[in-house]
>>> print(open('entry_11.txt').read())   # compact mmCIF, C-alpha atoms and all ligand atoms
# COMPACT_ATOMS: atom_id res chain seq x y z
CA MET P 2 23.03 -3.53 -10.31
CA GLY P 3 21.13 -2.13 -13.30
CA LYS P 4 17.38 -2.00 -13.87
CA ILE P 5 17.40 -4.98 -16.25
CA GLU P 6 19.33 -7.20 -13.83
CA LYS P 7 16.94 -6.26 -11.02
CA TYR P 8 13.97 -7.17 -13.24
CA LYS P 9 15.62 -10.48 -14.07
CA GLU P 10 16.32 -11.35 -10.45
CA VAL P 11 13.26 -10.03 -8.60
CA ASP P 12 10.80 -12.83 -9.38
CA SER P 13 13.26 -15.52 -8.29
CA LEU P 14 13.58 -14.07 -4.77
CA PRO P 15 11.90 -16.31 -2.18
CA ASN P 16 9.90 -13.43 -0.64
CA VAL P 17 8.50 -12.17 -3.99
CA PHE P 18 5.24 -13.57 -5.39
CA THR P 19 3.84 -13.21 -8.88
CA THR P 20 0.83 -15.52 -8.75
CA PRO P 21 -2.14 -15.60 -6.36
CA GLU P 22 -1.74 -19.35 -5.89
CA ASP P 23 1.82 -19.16 -4.54
CA PHE P 24 1.07 -16.09 -2.48
CA LYS P 25 -2.01 -17.62 -0.85
CA LYS P 26 0.05 -20.60 0.28
CA ALA P 27 2.59 -18.32 1.94
CA LEU P 28 -0.15 -16.18 3.46
CA SER P 29 -2.00 -19.11 4.98
CA ALA P 30 1.26 -20.42 6.45
CA LEU P 31 2.12 -17.09 8.10
CA ALA P 32 -1.06 -15.08 8.77
CA PRO P 33 -2.50 -17.35 11.53
CA TYR P 34 0.64 -16.67 13.61
CA LYS P 35 0.46 -12.90 13.23
CA GLN P 36 -1.82 -10.45 15.03
CA LYS P 37 -2.49 -8.26 11.98
CA THR P 38 -2.04 -8.25 8.22
CA ILE P 39 -0.93 -4.89 6.85
CA VAL P 40 -0.77 -4.18 3.10
CA GLU P 41 0.66 -1.30 1.07
CA LEU P 42 -0.40 -0.75 -2.55
CA GLY P 43 2.09 0.88 -4.92
CA ALA P 44 4.83 0.42 -2.34
CA GLY P 45 7.70 1.62 -4.55
CA HIS P 46 10.97 0.29 -3.15
CA GLY P 47 9.06 -1.11 -0.17
CA ASP P 48 11.42 0.67 2.22
CA TRP P 49 8.67 2.43 4.18
CA LEU P 50 6.82 -0.84 4.81
CA LEU P 51 10.05 -2.65 5.65
CA GLU P 52 10.73 -0.18 8.49
CA TYR P 53 7.20 -0.73 9.80
CA ALA P 54 7.75 -4.52 9.59
CA LYS P 55 10.98 -4.26 11.58
CA GLU P 56 9.19 -2.39 14.36
CA HIS P 57 6.36 -4.94 14.50
CA PRO P 58 7.51 -8.54 14.18
CA GLU P 59 4.11 -9.58 15.58
CA TYR P 60 2.37 -8.36 12.37
CA LEU P 61 2.55 -9.61 8.79
CA PHE P 62 3.26 -7.06 6.04
CA VAL P 63 2.68 -7.25 2.28
CA ALA P 64 4.04 -4.75 -0.26
CA VAL P 65 2.33 -4.69 -3.67
CA GLU P 66 4.19 -3.05 -6.55
CA ILE P 67 3.95 -3.32 -10.32
CA LYS P 68 7.56 -2.35 -11.07
CA GLY P 69 9.96 -5.20 -10.41
CA ASP P 70 13.09 -3.07 -10.29
CA ARG P 71 11.55 -1.00 -7.49
CA ILE P 72 10.27 -3.80 -5.29
CA TRP P 73 13.60 -5.60 -5.76
CA HIS P 74 15.15 -3.14 -3.27
CA GLY P 75 12.81 -3.94 -0.38
CA ALA P 76 12.76 -7.66 -1.08
CA LYS P 77 16.56 -7.87 -1.22
CA GLN P 78 16.95 -5.78 1.92
CA ALA P 79 14.45 -7.94 3.82
CA LEU P 80 16.43 -11.07 2.86
CA LEU P 81 19.72 -9.42 3.78
CA GLU P 82 18.42 -8.43 7.21
CA ASN P 83 16.53 -11.69 7.69
CA ILE P 84 13.15 -9.94 8.06
CA SER P 85 10.62 -12.71 7.55
CA ASN P 86 7.36 -10.90 8.39
CA ILE P 87 7.18 -9.07 5.05
CA LEU P 88 6.18 -10.48 1.65
CA PHE P 89 6.25 -8.77 -1.73
CA ILE P 90 3.73 -9.10 -4.55
CA HIS P 91 5.09 -8.14 -7.95
CA ASP P 92 1.83 -7.51 -9.78
CA ASP P 93 -0.85 -4.95 -10.57
CA ALA P 94 -2.53 -3.70 -7.39
CA LEU P 95 -5.82 -3.79 -9.29
CA ARG P 96 -5.61 -7.57 -8.93
CA ILE P 97 -5.37 -7.77 -5.14
CA GLU P 98 -8.79 -9.43 -4.90
CA ASP P 99 -7.12 -12.47 -6.50
CA TYR P 100 -4.36 -12.52 -3.88
CA PHE P 101 -6.19 -12.00 -0.60
CA PRO P 102 -9.15 -13.87 0.88
CA LYS P 103 -12.16 -11.84 1.99
CA GLU P 104 -11.85 -10.21 5.41
CA SER P 105 -8.12 -10.87 5.71
CA ILE P 106 -6.57 -7.36 5.88
CA ASP P 107 -6.36 -5.08 8.94
CA GLU P 108 -4.69 -2.03 7.38
CA LEU P 109 -4.49 -1.04 3.73
CA TRP P 110 -2.03 1.76 3.02
CA ILE P 111 -2.24 3.84 -0.18
CA GLN P 112 0.50 6.46 -0.20
CA PHE P 113 1.02 8.90 -3.02
CA PRO P 114 -0.49 6.76 -5.77
CA GLU P 115 -0.35 7.88 -9.39
CA PRO P 116 -3.05 10.56 -9.79
CA LEU P 117 -4.09 9.32 -13.27
CA PRO P 118 -5.81 12.65 -14.07
CA LYS P 119 -7.32 11.60 -17.41
CA LYS P 120 -11.03 10.75 -17.21
CA LYS P 121 -10.49 7.56 -19.20
CA HIS P 122 -8.21 6.25 -16.42
CA GLU P 123 -10.62 7.09 -13.60
CA LYS P 124 -11.49 3.47 -12.84
CA ARG P 125 -7.80 2.59 -12.47
CA ARG P 126 -7.23 5.14 -9.73
CA PHE P 127 -6.47 3.31 -6.49
CA THR P 128 -9.32 5.12 -4.72
CA ALA P 129 -12.02 4.81 -7.41
CA HIS P 130 -15.41 3.60 -6.18
CA ASN P 131 -14.93 0.11 -7.69
CA ARG P 132 -11.60 -0.21 -5.88
CA LEU P 133 -13.04 0.95 -2.54
CA LYS P 134 -15.72 -1.73 -2.94
CA ALA P 135 -13.06 -4.37 -3.53
CA TYR P 136 -11.05 -3.21 -0.49
CA TYR P 137 -14.19 -3.28 1.63
CA ASN P 138 -14.52 -7.00 0.97
CA LEU P 139 -10.85 -7.66 1.73
CA LEU P 140 -10.78 -5.74 5.01
CA LYS P 141 -11.57 -7.39 8.31
CA PRO P 142 -14.39 -5.77 10.30
CA LYS P 143 -12.99 -2.44 11.64
CA GLY P 144 -10.15 -2.73 9.12
CA LYS P 145 -8.76 0.60 7.94
CA ILE P 146 -7.64 2.30 4.74
CA ILE P 147 -5.00 4.97 5.20
CA PHE P 148 -4.63 7.21 2.15
CA LYS P 149 -2.14 10.02 1.66
CA THR P 150 -1.65 12.23 -1.38
CA ASP P 151 -0.25 15.59 -2.44
CA GLU P 152 -2.80 15.83 -5.27
CA PRO P 153 -5.84 17.92 -4.19
CA GLN P 154 -7.90 16.74 -7.18
CA LEU P 155 -7.30 13.09 -6.33
CA PHE P 156 -8.14 13.79 -2.70
CA GLN P 157 -11.45 15.45 -3.65
CA PHE P 158 -12.20 12.67 -6.12
CA THR P 159 -11.65 10.11 -3.33
CA LEU P 160 -14.01 11.93 -0.96
CA GLU P 161 -16.66 12.02 -3.73
CA GLU P 162 -16.19 8.31 -4.47
CA LEU P 163 -16.54 7.60 -0.76
CA LYS P 164 -19.93 9.33 -0.70
CA LYS P 165 -21.21 6.53 -2.95
CA MET P 166 -20.51 4.08 -0.12
CA SER P 167 -22.33 4.08 3.19
CA ASN P 168 -20.36 1.26 4.76
CA PHE P 169 -17.12 3.09 5.52
CA LYS P 170 -16.82 5.33 8.56
CA ILE P 171 -14.59 8.37 8.15
CA ILE P 172 -12.03 8.43 10.96
CA LYS P 173 -9.91 11.35 9.78
CA VAL P 174 -9.82 13.93 7.00
CA ASP P 175 -6.82 16.25 7.19
CA GLU P 176 -6.08 18.52 4.25
CA ARG P 177 -2.87 19.79 5.90
CA PHE P 178 -1.50 16.61 7.36
CA ASP P 179 2.01 17.94 6.70
CA LEU P 180 1.35 20.44 9.53
CA HIS P 181 -0.18 17.90 11.90
CA ARG P 182 2.06 14.86 11.62
CA PRO P 183 2.35 12.79 14.83
CA ASN P 184 5.74 12.21 16.45
CA SER P 185 5.54 8.46 16.56
CA GLY P 186 3.92 5.50 14.85
CA PRO P 187 3.80 4.71 11.11
CA LEU P 188 2.28 8.10 10.19
CA ALA P 189 5.31 9.84 11.63
CA ARG P 190 7.61 8.33 9.02
CA LEU P 191 7.77 9.88 5.56
CA THR P 192 7.66 7.77 2.41
CA TYR P 193 10.21 8.42 -0.32
CA TYR P 194 7.75 10.37 -2.47
CA GLU P 195 6.37 12.23 0.53
CA GLN P 196 9.87 13.49 1.30
CA GLN P 197 10.28 14.65 -2.31
CA HIS P 198 6.90 16.40 -2.36
CA LEU P 199 7.59 18.22 0.91
CA GLU P 200 10.97 19.39 -0.39
CA HIS P 201 9.09 20.89 -3.35
CA GLY P 202 6.70 22.73 -1.01
CA ARG P 203 3.71 20.48 -1.66
CA GLU P 204 0.99 19.91 0.93
CA VAL P 205 0.00 16.45 2.12
CA MET P 206 -3.58 15.31 2.60
CA LEU P 207 -4.62 12.35 4.77
CA LEU P 208 -7.80 10.30 4.85
CA ILE P 209 -8.44 7.37 7.19
CA ILE P 210 -11.58 5.30 6.83
CA GLU P 211 -12.81 2.23 8.68
CA LYS P 212 -14.97 -0.66 7.60
CA SER P 213 -18.14 -0.52 9.69
C1 LIG P 301 4.37 7.87 -6.78
S1 LIG P 301 4.97 6.28 -6.37
C2 LIG P 301 4.75 6.17 -4.60
C3 LIG P 301 5.61 5.12 -3.98
C4 LIG P 301 5.52 5.04 -2.44
N1 LIG P 301 4.18 4.72 -2.01
C5 LIG P 301 5.96 6.34 -1.83
O1 LIG P 301 5.11 7.08 -1.31
O2 LIG P 301 7.17 6.62 -1.85
C6 LIG P 301 3.64 5.25 -6.96
C7 LIG P 301 4.04 3.78 -7.02
O3 LIG P 301 2.90 3.03 -7.41
C8 LIG P 301 3.31 2.05 -8.35
N2 LIG P 301 2.13 1.67 -9.15
C9 LIG P 301 1.49 2.42 -10.07
N3 LIG P 301 0.43 1.75 -10.57
C10 LIG P 301 0.43 0.54 -9.95
C11 LIG P 301 -0.42 -0.58 -10.03
N4 LIG P 301 -1.47 -0.59 -10.85
N5 LIG P 301 -0.14 -1.63 -9.24
C12 LIG P 301 0.91 -1.62 -8.38
N6 LIG P 301 1.75 -0.58 -8.27
C13 LIG P 301 1.51 0.49 -9.03
C14 LIG P 301 4.39 2.74 -9.16
O4 LIG P 301 5.22 1.83 -9.85
C15 LIG P 301 5.12 3.51 -8.06
O5 LIG P 301 6.16 2.74 -7.48
>>> encode(input="entry_11.txt", output="structure tokens")
Amino acid sequence: MGKIEKYKEVDSLPNVFTTPEDFKKALSALAPYKQKTIVELGAGHGDWLLEYAKEHPEYLFVAVEIKGDRIWHGAKQALLENISNILFIHDDALRIEDYFPKESIDELWIQFPEPLPKKKHEKRRFTAHNRLKAYYNLLKPKGKIIFKTDEPQLFQFTLEELKKMSNFKIIKVDERFDLHRPNSGPLARLTYYEQQHLEHGREVMLLIIEKS
């Protein structure tokens, strides 16, 4: 199936949401029956999150992705395999405040987001101060943000932005996470872009912070 066909089909899939109203209905029907709500921003094909969802049917997963032809893959696969504990939001991740109630997310994953190096795009970076503030409100107490990148400048920028906030506790800073990857759990599994970066000899940095 071509890109255009995927774009045409994606928003009609029953597990894909394009408005906060529809998504909130689905969330309130499912979340009370799940132990945790786990969200990935810029999820690409959604394949990484889908694997996590398969391992943990007791949790609810939400993949957010702006490109319909990408998220189509994960959404279709979830339907094919009858995986019902994962939902897909086809929208700009900068709008997640509209989709989630306050204090509703346990884990927020940001993996290899666009670095957006131009100064004029700073506020659109997924880890800009204004975004961290928004995530803070959406996280449950002790909720975590897990951020991985291969872009040292974005990593340093994120640490600087974090200094402007006193209400996150730093759990882990690892500038050579590629050398210290665990053998099991979600951090053991590579994302699609992570795999590509490692093949090109790039280093991976990891930051985990917790709402205090
Ligand atoms: C470099 S890819 C990483 C994909 C995946 N996380 C991985 O590691 O394989 C960045 C993804 O973020 C998506 N993206 C970029 N800006 C976005 C935005 N504002 N809202 C939602 N998704 C966005 C892109 O379409 C792309 O799929």
>>> residues_near_ligand(input="entry_11.txt", ligand="ligand LIG 301 (chain P)", cutoff="7 Å", atoms="only C-alpha atoms and all ligand atoms", output="ChimeraX atom specification")
/P:42-46,65-68,71,92-95,111-115,192-195
>>> write_last_selection(input="entry_11.txt", atoms="C-alpha atoms", output="PDB file, keeping the file's coordinate frame")
ATOM      1  CA  LEU P  42      -0.400  -0.750  -2.550  1.00  0.00           C
ATOM      2  CA  GLY P  43       2.090   0.880  -4.920  1.00  0.00           C
ATOM      3  CA  ALA P  44       4.830   0.420  -2.340  1.00  0.00           C
ATOM      4  CA  GLY P  45       7.700   1.620  -4.550  1.00  0.00           C
ATOM      5  CA  HIS P  46      10.970   0.290  -3.150  1.00  0.00           C
ATOM      6  CA  VAL P  65       2.330  -4.690  -3.670  1.00  0.00           C
ATOM      7  CA  GLU P  66       4.190  -3.050  -6.550  1.00  0.00           C
ATOM      8  CA  ILE P  67       3.950  -3.320 -10.320  1.00  0.00           C
ATOM      9  CA  LYS P  68       7.560  -2.350 -11.070  1.00  0.00           C
ATOM     10  CA  ARG P  71      11.550  -1.000  -7.490  1.00  0.00           C
ATOM     11  CA  ASP P  92       1.830  -7.510  -9.780  1.00  0.00           C
ATOM     12  CA  ASP P  93      -0.850  -4.950 -10.570  1.00  0.00           C
ATOM     13  CA  ALA P  94      -2.530  -3.700  -7.390  1.00  0.00           C
ATOM     14  CA  LEU P  95      -5.820  -3.790  -9.290  1.00  0.00           C
ATOM     15  CA  ILE P 111      -2.240   3.840  -0.180  1.00  0.00           C
ATOM     16  CA  GLN P 112       0.500   6.460  -0.200  1.00  0.00           C
ATOM     17  CA  PHE P 113       1.020   8.900  -3.020  1.00  0.00           C
ATOM     18  CA  PRO P 114      -0.490   6.760  -5.770  1.00  0.00           C
ATOM     19  CA  GLU P 115      -0.350   7.880  -9.390  1.00  0.00           C
ATOM     20  CA  THR P 192       7.660   7.770   2.410  1.00  0.00           C
ATOM     21  CA  TYR P 193      10.210   8.420  -0.320  1.00  0.00           C
ATOM     22  CA  TYR P 194       7.750  10.370  -2.470  1.00  0.00           C
ATOM     23  CA  GLU P 195       6.370  12.230   0.530  1.00  0.00           C
TER      24      GLU P 195
END
>>> axis_aligned_box(input="entry_11.txt", around="region 183-199 of chain P", padding_each_side="3 Å", output="AutoDock Vina command-line options")
--center_x 6.3 --center_y 11.5 --center_z 7.0 --size_x 14.0 --size_y 19.5 --size_z 25.0
>>> residues_around(input="entry_11.txt", residues="Glu98 (chain P)", least_positions_apart="5", cutoff="8 Å", atoms="all atoms listed in the file", output="list in words")
Ala135, Tyr136 and Leu139 of chain P
>>> write_last_selection(input="entry_11.txt", atoms="C-alpha atoms", output="PDB file, keeping the file's coordinate frame")
ATOM      1  CA  ALA P 135     -13.060  -4.370  -3.530  1.00  0.00           C
ATOM      2  CA  TYR P 136     -11.050  -3.210  -0.490  1.00  0.00           C
ATOM      3  CA  LEU P 139     -10.850  -7.660   1.730  1.00  0.00           C
TER       4      LEU P 139
END
>>> residues_around(input="entry_11.txt", residues="Val11 (chain P)", least_positions_apart="6", cutoff="8 Å", atoms="only C-alpha atoms", output="list in words")
Val17, Gly69, Asp70, Ile72, Trp73 and Ala76 of chain P
>>> atom_distance(input="entry_11.txt", atom1="CA of Lys119 (chain P)", atom2="CA of Pro153 (chain P)")
14.7 Å
>>> residues_near_point(input="entry_11.txt", point="(-4.9, 9.5, -10.5)", cutoff="12 Å", atoms="only C-alpha atoms", output="count of residues only")
27
>>> closest_residue(input="entry_11.txt", among="P:Ile84, P:Leu50, P:Ile39, P:Leu28", to="Leu191 (chain P)", atoms="only C-alpha atoms")
P:Leu50
>>> closest_residue(input="entry_11.txt", among="P:Leu31, P:Met2, P:Ala64, P:Leu208", to="Arg177 (chain P)", atoms="all atoms listed in the file")
P:Leu208
>>> atom_distance(input="entry_11.txt", atom1="CA of Arg132 (chain P)", atom2="CA of Ala32 (chain P)")
23.4 Å
>>> closest_atom_pairs(input="entry_11.txt", of="region 122-213 of chain P", to="region 101-106 of chain P", cutoff="7 Å", atoms="only C-alpha atoms", output="Markdown table")
| residue | atom | partner | partner_atom | distance |
| --- | --- | --- | --- | --- |
| P:Asn138 | CA | P:Lys103 | CA | 5.5 |
| P:Leu139 | CA | P:Lys103 | CA | 4.4 |
| P:Leu140 | CA | P:Ile106 | CA | 4.6 |
| P:Lys141 | CA | P:Glu104 | CA | 4.1 |
| P:Gly144 | CA | P:Ile106 | CA | 6.7 |
>>> closest_residue(input="entry_11.txt", among="P:Pro58, P:Pro21, P:Pro15, P:Pro142", to="Glu211 (chain P)", atoms="all atoms listed in the file")
P:Pro142
>>> residues_near_point(input="entry_11.txt", point="(-1.1, 18.4, 6.1)", cutoff="9 Å", atoms="only C-alpha atoms", output="list of chain:residue names")
P:Asp175, P:Glu176, P:Arg177, P:Phe178, P:Asp179, P:Leu180, P:His181, P:Arg182, P:Glu204, P:Val205, P:Met206, P:Leu207
>>> atom_distance(input="entry_11.txt", atom1="CA of Ser213 (chain P)", atom2="CA of Lys25 (chain P)")
25.8 Å
>>> closest_residue(input="entry_11.txt", among="P:Lys149, P:Lys143, P:Tyr100, P:Met166", to="Lys26 (chain P)", atoms="all atoms listed in the file")
P:Tyr100
>>> closest_residue(input="entry_11.txt", among="P:Leu109, P:Thr20, P:Leu188, P:Ala54", to="Arg96 (chain P)", atoms="all atoms listed in the file")
P:Thr20
>>> closest_residue(input="entry_11.txt", among="P:Glu41, P:Asp48, P:Glu56, P:Asp99", to="His74 (chain P)", atoms="all atoms listed in the file")
P:Asp48
>>> residues_around(input="entry_11.txt", residues="Ala79 (chain P)", least_positions_apart="4", cutoff="10 Å", atoms="all atoms listed in the file", output="mmCIF file with C-alpha atoms, in the frame of the given file")
data_model
loop_
_atom_site.group_PDB
_atom_site.id
_atom_site.type_symbol
_atom_site.label_atom_id
_atom_site.label_comp_id
_atom_site.auth_asym_id
_atom_site.auth_seq_id
_atom_site.Cartn_x
_atom_site.Cartn_y
_atom_site.Cartn_z
ATOM 1 C CA ASN P 16 9.900 -13.430 -0.640
ATOM 2 C CA GLY P 47 9.060 -1.110 -0.170
ATOM 3 C CA ASP P 48 11.420 0.670 2.220
ATOM 4 C CA LEU P 51 10.050 -2.650 5.650
ATOM 5 C CA GLU P 52 10.730 -0.180 8.490
ATOM 6 C CA ALA P 54 7.750 -4.520 9.590
ATOM 7 C CA LYS P 55 10.980 -4.260 11.580
ATOM 8 C CA TRP P 73 13.600 -5.600 -5.760
ATOM 9 C CA HIS P 74 15.150 -3.140 -3.270
ATOM 10 C CA GLY P 75 12.810 -3.940 -0.380
ATOM 11 C CA ASN P 83 16.530 -11.690 7.690
ATOM 12 C CA ILE P 84 13.150 -9.940 8.060
ATOM 13 C CA SER P 85 10.620 -12.710 7.550
ATOM 14 C CA ASN P 86 7.360 -10.900 8.390
ATOM 15 C CA ILE P 87 7.180 -9.070 5.050
ATOM 16 C CA LEU P 88 6.180 -10.480 1.650
ATOM 17 C CA PHE P 89 6.250 -8.770 -1.730
#
>>> build_atoms(input="entry_11.txt", residues="region 105-130 of chain P", atoms="N, CA and C atoms", output="PDB file, in the coordinates of the input")
ATOM      1  N   SER P 105      -9.436 -10.393   5.262  1.00  0.00           N
ATOM      2  CA  SER P 105      -8.120 -10.870   5.710  1.00  0.00           C
ATOM      3  C   SER P 105      -7.145  -9.728   6.015  1.00  0.00           C
ATOM      4  N   ILE P 106      -7.527  -8.476   5.733  1.00  0.00           N
ATOM      5  CA  ILE P 106      -6.570  -7.360   5.880  1.00  0.00           C
ATOM      6  C   ILE P 106      -7.018  -6.416   7.001  1.00  0.00           C
ATOM      7  N   ASP P 107      -6.065  -6.017   7.843  1.00  0.00           N
ATOM      8  CA  ASP P 107      -6.360  -5.080   8.940  1.00  0.00           C
ATOM      9  C   ASP P 107      -6.119  -3.634   8.545  1.00  0.00           C
ATOM     10  N   GLU P 108      -5.018  -3.413   7.820  1.00  0.00           N
ATOM     11  CA  GLU P 108      -4.690  -2.030   7.380  1.00  0.00           C
ATOM     12  C   GLU P 108      -4.291  -2.082   5.924  1.00  0.00           C
ATOM     13  N   LEU P 109      -4.858  -1.155   5.141  1.00  0.00           N
ATOM     14  CA  LEU P 109      -4.490  -1.040   3.730  1.00  0.00           C
ATOM     15  C   LEU P 109      -3.956   0.373   3.510  1.00  0.00           C
ATOM     16  N   TRP P 110      -2.672   0.463   3.196  1.00  0.00           N
ATOM     17  CA  TRP P 110      -2.030   1.760   3.020  1.00  0.00           C
ATOM     18  C   TRP P 110      -1.921   2.110   1.546  1.00  0.00           C
ATOM     19  N   ILE P 111      -2.366   3.334   1.203  1.00  0.00           N
ATOM     20  CA  ILE P 111      -2.240   3.840  -0.180  1.00  0.00           C
ATOM     21  C   ILE P 111      -1.546   5.190  -0.055  1.00  0.00           C
ATOM     22  N   GLN P 112      -0.280   5.248  -0.449  1.00  0.00           N
ATOM     23  CA  GLN P 112       0.500   6.460  -0.200  1.00  0.00           C
ATOM     24  C   GLN P 112       1.048   7.014  -1.513  1.00  0.00           C
ATOM     25  N   PHE P 113       0.569   8.177  -1.829  1.00  0.00           N
ATOM     26  CA  PHE P 113       1.020   8.900  -3.020  1.00  0.00           C
ATOM     27  C   PHE P 113       0.908   8.059  -4.295  1.00  0.00           C
ATOM     28  N   PRO P 114      -0.302   7.537  -4.540  1.00  0.00           N
ATOM     29  CA  PRO P 114      -0.490   6.760  -5.770  1.00  0.00           C
ATOM     30  C   PRO P 114      -0.463   7.679  -6.984  1.00  0.00           C
ATOM     31  N   GLU P 115      -0.298   7.084  -8.164  1.00  0.00           N
ATOM     32  CA  GLU P 115      -0.350   7.880  -9.390  1.00  0.00           C
ATOM     33  C   GLU P 115      -1.713   8.572  -9.454  1.00  0.00           C
ATOM     34  N   PRO P 116      -1.743   9.878  -9.768  1.00  0.00           N
ATOM     35  CA  PRO P 116      -3.050  10.560  -9.790  1.00  0.00           C
ATOM     36  C   PRO P 116      -3.936  10.177 -10.977  1.00  0.00           C
ATOM     37  N   LEU P 117      -3.348   9.717 -12.058  1.00  0.00           N
ATOM     38  CA  LEU P 117      -4.090   9.320 -13.270  1.00  0.00           C
ATOM     39  C   LEU P 117      -5.192  10.345 -13.591  1.00  0.00           C
ATOM     40  N   PRO P 118      -4.815  11.581 -13.935  1.00  0.00           N
ATOM     41  CA  PRO P 118      -5.810  12.650 -14.070  1.00  0.00           C
ATOM     42  C   PRO P 118      -6.786  12.499 -15.250  1.00  0.00           C
ATOM     43  N   LYS P 119      -6.417  11.701 -16.255  1.00  0.00           N
ATOM     44  CA  LYS P 119      -7.320  11.600 -17.410  1.00  0.00           C
ATOM     45  C   LYS P 119      -8.593  10.832 -17.045  1.00  0.00           C
ATOM     46  N   LYS P 120      -9.718  11.359 -17.512  1.00  0.00           N
ATOM     47  CA  LYS P 120     -11.030  10.750 -17.210  1.00  0.00           C
ATOM     48  C   LYS P 120     -11.059   9.268 -17.605  1.00  0.00           C
ATOM     49  N   LYS P 121     -10.422   8.951 -18.724  1.00  0.00           N
ATOM     50  CA  LYS P 121     -10.490   7.560 -19.200  1.00  0.00           C
ATOM     51  C   LYS P 121      -9.756   6.585 -18.267  1.00  0.00           C
ATOM     52  N   HIS P 122      -8.917   7.124 -17.352  1.00  0.00           N
ATOM     53  CA  HIS P 122      -8.210   6.250 -16.420  1.00  0.00           C
ATOM     54  C   HIS P 122      -8.846   6.235 -15.025  1.00  0.00           C
ATOM     55  N   GLU P 123      -9.989   6.901 -14.910  1.00  0.00           N
ATOM     56  CA  GLU P 123     -10.620   7.090 -13.600  1.00  0.00           C
ATOM     57  C   GLU P 123     -10.764   5.772 -12.816  1.00  0.00           C
ATOM     58  N   LYS P 124     -11.220   4.744 -13.527  1.00  0.00           N
ATOM     59  CA  LYS P 124     -11.490   3.470 -12.840  1.00  0.00           C
ATOM     60  C   LYS P 124     -10.227   2.771 -12.361  1.00  0.00           C
ATOM     61  N   ARG P 125      -9.073   3.192 -12.895  1.00  0.00           N
ATOM     62  CA  ARG P 125      -7.800   2.590 -12.470  1.00  0.00           C
ATOM     63  C   ARG P 125      -7.187   3.315 -11.270  1.00  0.00           C
ATOM     64  N   ARG P 126      -7.761   4.441 -10.913  1.00  0.00           N
ATOM     65  CA  ARG P 126      -7.230   5.140  -9.730  1.00  0.00           C
ATOM     66  C   ARG P 126      -7.414   4.227  -8.512  1.00  0.00           C
ATOM     67  N   PHE P 127      -6.425   4.227  -7.640  1.00  0.00           N
ATOM     68  CA  PHE P 127      -6.470   3.310  -6.490  1.00  0.00           C
ATOM     69  C   PHE P 127      -7.650   3.586  -5.560  1.00  0.00           C
ATOM     70  N   THR P 128      -8.222   4.798  -5.635  1.00  0.00           N
ATOM     71  CA  THR P 128      -9.320   5.120  -4.720  1.00  0.00           C
ATOM     72  C   THR P 128     -10.647   5.311  -5.467  1.00  0.00           C
ATOM     73  N   ALA P 129     -10.747   4.749  -6.677  1.00  0.00           N
ATOM     74  CA  ALA P 129     -12.020   4.810  -7.410  1.00  0.00           C
ATOM     75  C   ALA P 129     -13.055   3.953  -6.662  1.00  0.00           C
ATOM     76  N   HIS P 130     -14.317   4.277  -6.885  1.00  0.00           N
ATOM     77  CA  HIS P 130     -15.410   3.600  -6.180  1.00  0.00           C
ATOM     78  C   HIS P 130     -15.310   2.069  -6.286  1.00  0.00           C
TER      79      HIS P 130
END
